[in-house]
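Here is the structure we will look at.
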2 protein chains.
Amino acid sequence: MSFTYKYARPAVTVDCAVFAIDFEKENLKVLLIRRGEEPFLNHWALPGGFVHTDESLIEAAHRELQEETGLTSIYLEQLYTYGNVDRDPRERVISVAWFALVNLEGRLLEARTDAVDAAWFSLDELPSLAFDHGRILSEATERLRGKLKYKPVGFELLPELFTLSQLQRLYEIILDTSFDKRNFRKKLQKLDVLIETDEIQKDVSHRAARLYRFDRDKYRDLESRGFYFEL
Amino acid sequence: MSFTYKYARPAVTVDCAVFAIDFEKENLKVLLIRRGEEPFLNHWALPGGFVHTDESLIEAAHRELQEETGLTSIYLEQLYTYGNVDRDPRERVISVAWFALVNLEGRLLEARTDAVDAAWFSLDELPSLAFDHGRILSEATERLRGKLKYKPVGFELLPELFTLSQLQRLYEIILDTSFDKRNFRKKLQKLDVLIETDEIQKDVSHRAARLYRFDRDKYRDLESRGFYFEL
DNA sequence: ACAAAAGTGTTAAATGTACACCCATGC
DNA sequence: GCATGGGTGTACATTTAACACTTTTGT
């Protein structure tokens, strides 16, 4: 090949901060894997790995998540690319970090851990992480909090059908505040991106709540006309 | 070395979308360079180049800007990392894109173009760009517009001392709207991040306006207490 | 004296915030 | 029948939006 690269090439990896809401414990969780190799053997780390030559960055992120955690078709958004010279003790490694949102309903157990040791951690009970993953995770968390306020990403953490109280609790958990129930509902009503379904909650020992669905198409439409989601 | 990389490595570059406001023409400009090599010989492109092994990504971005355009110590913020397999016809190249803001006052002429052919283009008179730089630039523009609303980045496009009308015109140019002068001033007054200096505009053929300075320290302080800039 | 931009307050409308009770269901 | 969360409206405070004239300076 006539084209030559003048400098030694860095390695390129993807790493993912996968978030989910634990409604029982009322907290935000992140998925970590325990490393089976040096460096940082047995340390916890973000799932991720090297980018192959024949796949795009997002494909690499999806593949690594599938391989290491069994998760497929989840919401992924690029976070930041970390490229400090010394972030990997072996050699120069540039990591394209992603944040991912999943809804845990029924997925917690099924999240296949293959050979890999994977577990969900509360953000306030984090172990120390390999490489600069602690920093990546804290920036991912900050981004999630920021984004939640002005983009409808919260729905990615909920099942397809959800109650308004679940949605409210989600916001309260992530933003660590509390909202007035009536005002919260009024606001959502005015945003006009929820579809009220005919269905109601099942198996609860109190009055069953109505289930809603997020109207992605309508949201995209409104967004393209300059509408600004904000909660 | 015992560590081996299993796959062919992609090349890694940085590319920068450098913006400035042209107050005379009342528009937003971007700095492009004309390529002196294949592929895309003679096409216009974003300034950028390969990341060296001994420099971080932001260092690479600063170095390339210095080398290709003479610009130093300017505001740089990471935009996105582009890694589609076919974005460079030669081989796999991953580009970490940045957006940069400079104030043109006195810099327009002095922007040293070295051996490279560099020029400022209006965003509505863009040539077709090399690689996927057209896409990168349009995403950078979108990001700048979005960011302007809730972060005080506009000041990076102004000289140290500026008038309130300049600031307002800047917002109007980038966001393509117009604001009421009194309301705009009231809002800024309440944000309370501008320092009113003793100086006034020079060499204008009408009443000279008072000059202001952006108080970065105060802003950082307010921000850390949960204050939310918004315009 | 006139052209050109600087500077300055008030009012009405819209939005956000605080607040308390009845309802439906399962046990 | 009681415990648990579901669901609903109003009044007040705050914020935003619309609007026009006087001042200063250079030519």
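A note on labels: chains of the structure tokens are A, B, ... as shown, every chain counts residues from 1, and ligands are counted from 1 in their shown order.
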query: Counting only C-alpha atoms (C1' of nucleotides), which residues of chain A come no farther than 8 Å from chain C, as number ranges by chain?
result: A: 204-208
Counting only C-alpha atoms (C1' of nucleotides), which residues of chain D sit at most 6 Å from some atom of chain B, and what is each one's closest atom pair with its distance in Å to one decimal, listed by chain and rising residue number, as a Markdown table?
```
| residue | atom | partner | partner_atom | distance |
| --- | --- | --- | --- | --- |
| D:DT24 | C1' | B:Arg207 | CA | 4.7 |
| D:DT25 | C1' | B:Arg207 | CA | 4.3 |
| D:DG26 | C1' | B:Ser205 | CA | 4.6 |
```
Residues of the last selection are to be written out with N, CA and C atoms (P, O5', C5', C4', C3', O3' and C1' of nucleotides), as a CSV table (one decimal), in the first residue's frame.
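To be explicit, this is the file written out as again_18.csv:
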```csv
chain,number,residue,atom,x,y,z
D,24,DT,P,-26.9,62.6,28.0
D,24,DT,O5',-25.8,62.3,26.9
D,24,DT,C5',-25.2,61.0,26.9
D,24,DT,C4',-24.6,60.7,25.6
D,24,DT,C3',-23.6,61.7,25.2
D,24,DT,O3',-22.3,61.1,25.3
D,24,DT,C1',-25.0,61.1,23.4
D,25,DT,P,-20.9,61.8,25.2
D,25,DT,O5',-20.6,61.8,23.7
D,25,DT,C5',-20.4,60.5,23.1
D,25,DT,C4',-20.4,60.7,21.6
D,25,DT,C3',-19.5,61.8,21.0
D,25,DT,O3',-18.4,61.2,20.5
D,25,DT,C1',-21.6,61.6,19.9
D,26,DG,P,-17.2,62.0,19.7
D,26,DG,O5',-17.7,61.8,18.2
D,26,DG,C5',-18.0,60.5,17.7
D,26,DG,C4',-18.3,60.7,16.2
D,26,DG,C3',-17.3,61.5,15.4
D,26,DG,O3',-17.0,60.9,14.2
D,26,DG,C1',-19.5,62.4,15.3
```
message: Residues within 10 Å of Glu223 in chain A, please, as a PyMOL selection string. Count only C-alpha atoms (C1' of nucleotides); anything in the same chain fewer than 6 positions from it doesn't count.
response: chain A and resi 151+217+229
Closest atom pairs, chain A residues within 6 Å of chain B, only C-alpha atoms, as a tab-separated table:
```
residue	atom	partner	partner_atom	distance
A:Ser56	CA	B:Asn84	CA	4.7
A:Leu57	CA	B:Gly83	CA	5.5
A:Gly83	CA	B:Ser56	CA	5.5
A:Asn84	CA	B:Ser56	CA	4.7
A:Val85	CA	B:Ser56	CA	5.5
```
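Here CA of Tyr219 in chain A is placed at a distance of 17.0 Å from CA of Thr197 in chain A.
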- prompt: Mind checking DSSP for range 1-192 of chain A and telling me the alpha helix (DSSP H) residues as a ChimeraX atom specification?
  reply: /A:57-69,107-110,133-150,164-175,181-191
How would the residues just chosen look if you wrote them out with C-alpha atoms as a compact mmCIF listing (two decimals), in the first residue's frame?
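That gives us selection.txt:
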```txt
# COMPACT_ATOMS: atom_id res chain seq x y z
CA LEU A 57 -17.60 2.60 16.68
CA ILE A 58 -21.24 2.10 17.60
CA GLU A 59 -21.15 -1.41 16.18
CA ALA A 60 -18.14 -2.14 18.35
CA ALA A 61 -19.98 -0.84 21.40
CA HIS A 62 -23.03 -2.97 20.67
CA ARG A 63 -20.90 -6.03 20.02
CA GLU A 64 -18.90 -5.69 23.21
CA LEU A 65 -22.07 -5.27 25.24
CA GLN A 66 -23.56 -8.33 23.63
CA GLU A 67 -20.42 -10.38 24.22
CA GLU A 68 -19.79 -9.29 27.77
CA THR A 69 -23.25 -8.78 29.17
CA ARG A 107 -33.72 -8.21 32.21
CA LEU A 108 -31.81 -8.22 35.47
CA LEU A 109 -31.64 -11.99 35.73
CA GLU A 110 -31.48 -12.67 32.07
CA HIS A 133 -13.15 4.23 34.26
CA GLY A 134 -14.05 5.95 37.50
CA ARG A 135 -13.73 9.28 35.80
CA ILE A 136 -15.58 8.10 32.72
CA LEU A 137 -18.42 6.83 34.85
CA SER A 138 -18.72 10.02 36.80
CA GLU A 139 -18.81 12.07 33.63
CA ALA A 140 -21.39 9.70 32.20
CA THR A 141 -23.55 10.15 35.28
CA GLU A 142 -23.29 13.90 35.05
CA ARG A 143 -24.27 13.75 31.39
CA LEU A 144 -27.25 11.56 32.13
CA ARG A 145 -28.46 14.03 34.75
CA GLY A 146 -28.01 16.95 32.41
CA LYS A 147 -29.63 15.24 29.48
CA LEU A 148 -32.63 14.07 31.40
CA LYS A 149 -33.73 17.65 31.85
CA TYR A 150 -33.96 18.53 28.21
CA LEU A 164 -46.88 8.35 35.52
CA SER A 165 -45.70 7.63 39.03
CA GLN A 166 -42.91 5.42 37.72
CA LEU A 167 -41.84 8.17 35.38
CA GLN A 168 -41.89 10.69 38.18
CA ARG A 169 -39.93 8.42 40.49
CA LEU A 170 -37.35 7.90 37.77
CA TYR A 171 -36.75 11.63 37.52
CA GLU A 172 -36.65 11.96 41.27
CA ILE A 173 -34.13 9.16 41.66
CA ILE A 174 -31.75 10.37 38.99
CA LEU A 175 -31.96 14.06 39.74
CA LYS A 181 -47.38 15.06 41.70
CA ARG A 182 -50.00 17.36 40.23
CA ASN A 183 -47.52 19.76 38.68
CA PHE A 184 -45.48 16.91 37.24
CA ARG A 185 -48.54 15.45 35.56
CA LYS A 186 -49.70 18.80 34.27
CA LYS A 187 -46.31 19.42 32.71
CA LEU A 188 -46.26 16.08 30.96
CA GLN A 189 -49.75 16.59 29.72
CA LYS A 190 -48.71 19.83 28.13
CA LEU A 191 -45.59 18.30 26.56
```
Coordinates-based distance that separates CA of Lys202 in chain A from CA of Leu104 in chain A (Å, one decimal):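 Going from CA of Leu104 in chain A over to CA of Lys202 in chain A, I get 17.6 Å.
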query: Between CA of Phe99 in chain A and CA of Glu156 in chain A, what is the distance, to one decimal in Å?
result: 11.8 Å
Which of range 6-146 of chain B DSSP labels strand (DSSP E), written as a PyMOL selection string: chain B and resi 11-22+27-34+44-45+48-50+75-82+93-101+117-122
Nearest to Val102 in chain B, chosen from B:Glu196, B:Glu160, B:Glu230, B:Asp132, with only C-alpha atoms counted in the distances: B:Glu160
task: Give me the residues within 10 Å of Glu199 in chain A as a ChimeraX atom specification, counting only C-alpha atoms (C1' of nucleotides) and dropping any in the same chain fewer than 6 places off.
output: /A:161-162,208-212
Can you write just those residues out, C-alpha atoms, as a PDB file, in the first residue's frame?
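Output (selection.pdb):
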```pdb
ATOM      1  CA  LEU A 161     -45.710   0.771  29.154  1.00  0.00           C
ATOM      2  CA  PHE A 162     -45.321   2.673  32.374  1.00  0.00           C
ATOM      3  CA  ALA A 208     -54.180   0.216  39.556  1.00  0.00           C
ATOM      4  CA  ALA A 209     -52.602   3.073  37.631  1.00  0.00           C
ATOM      5  CA  ARG A 210     -53.145   3.811  33.969  1.00  0.00           C
ATOM      6  CA  LEU A 211     -50.300   2.818  31.654  1.00  0.00           C
ATOM      7  CA  TYR A 212     -48.726   5.236  29.181  1.00  0.00           C
TER       8      TYR A 212
END
```
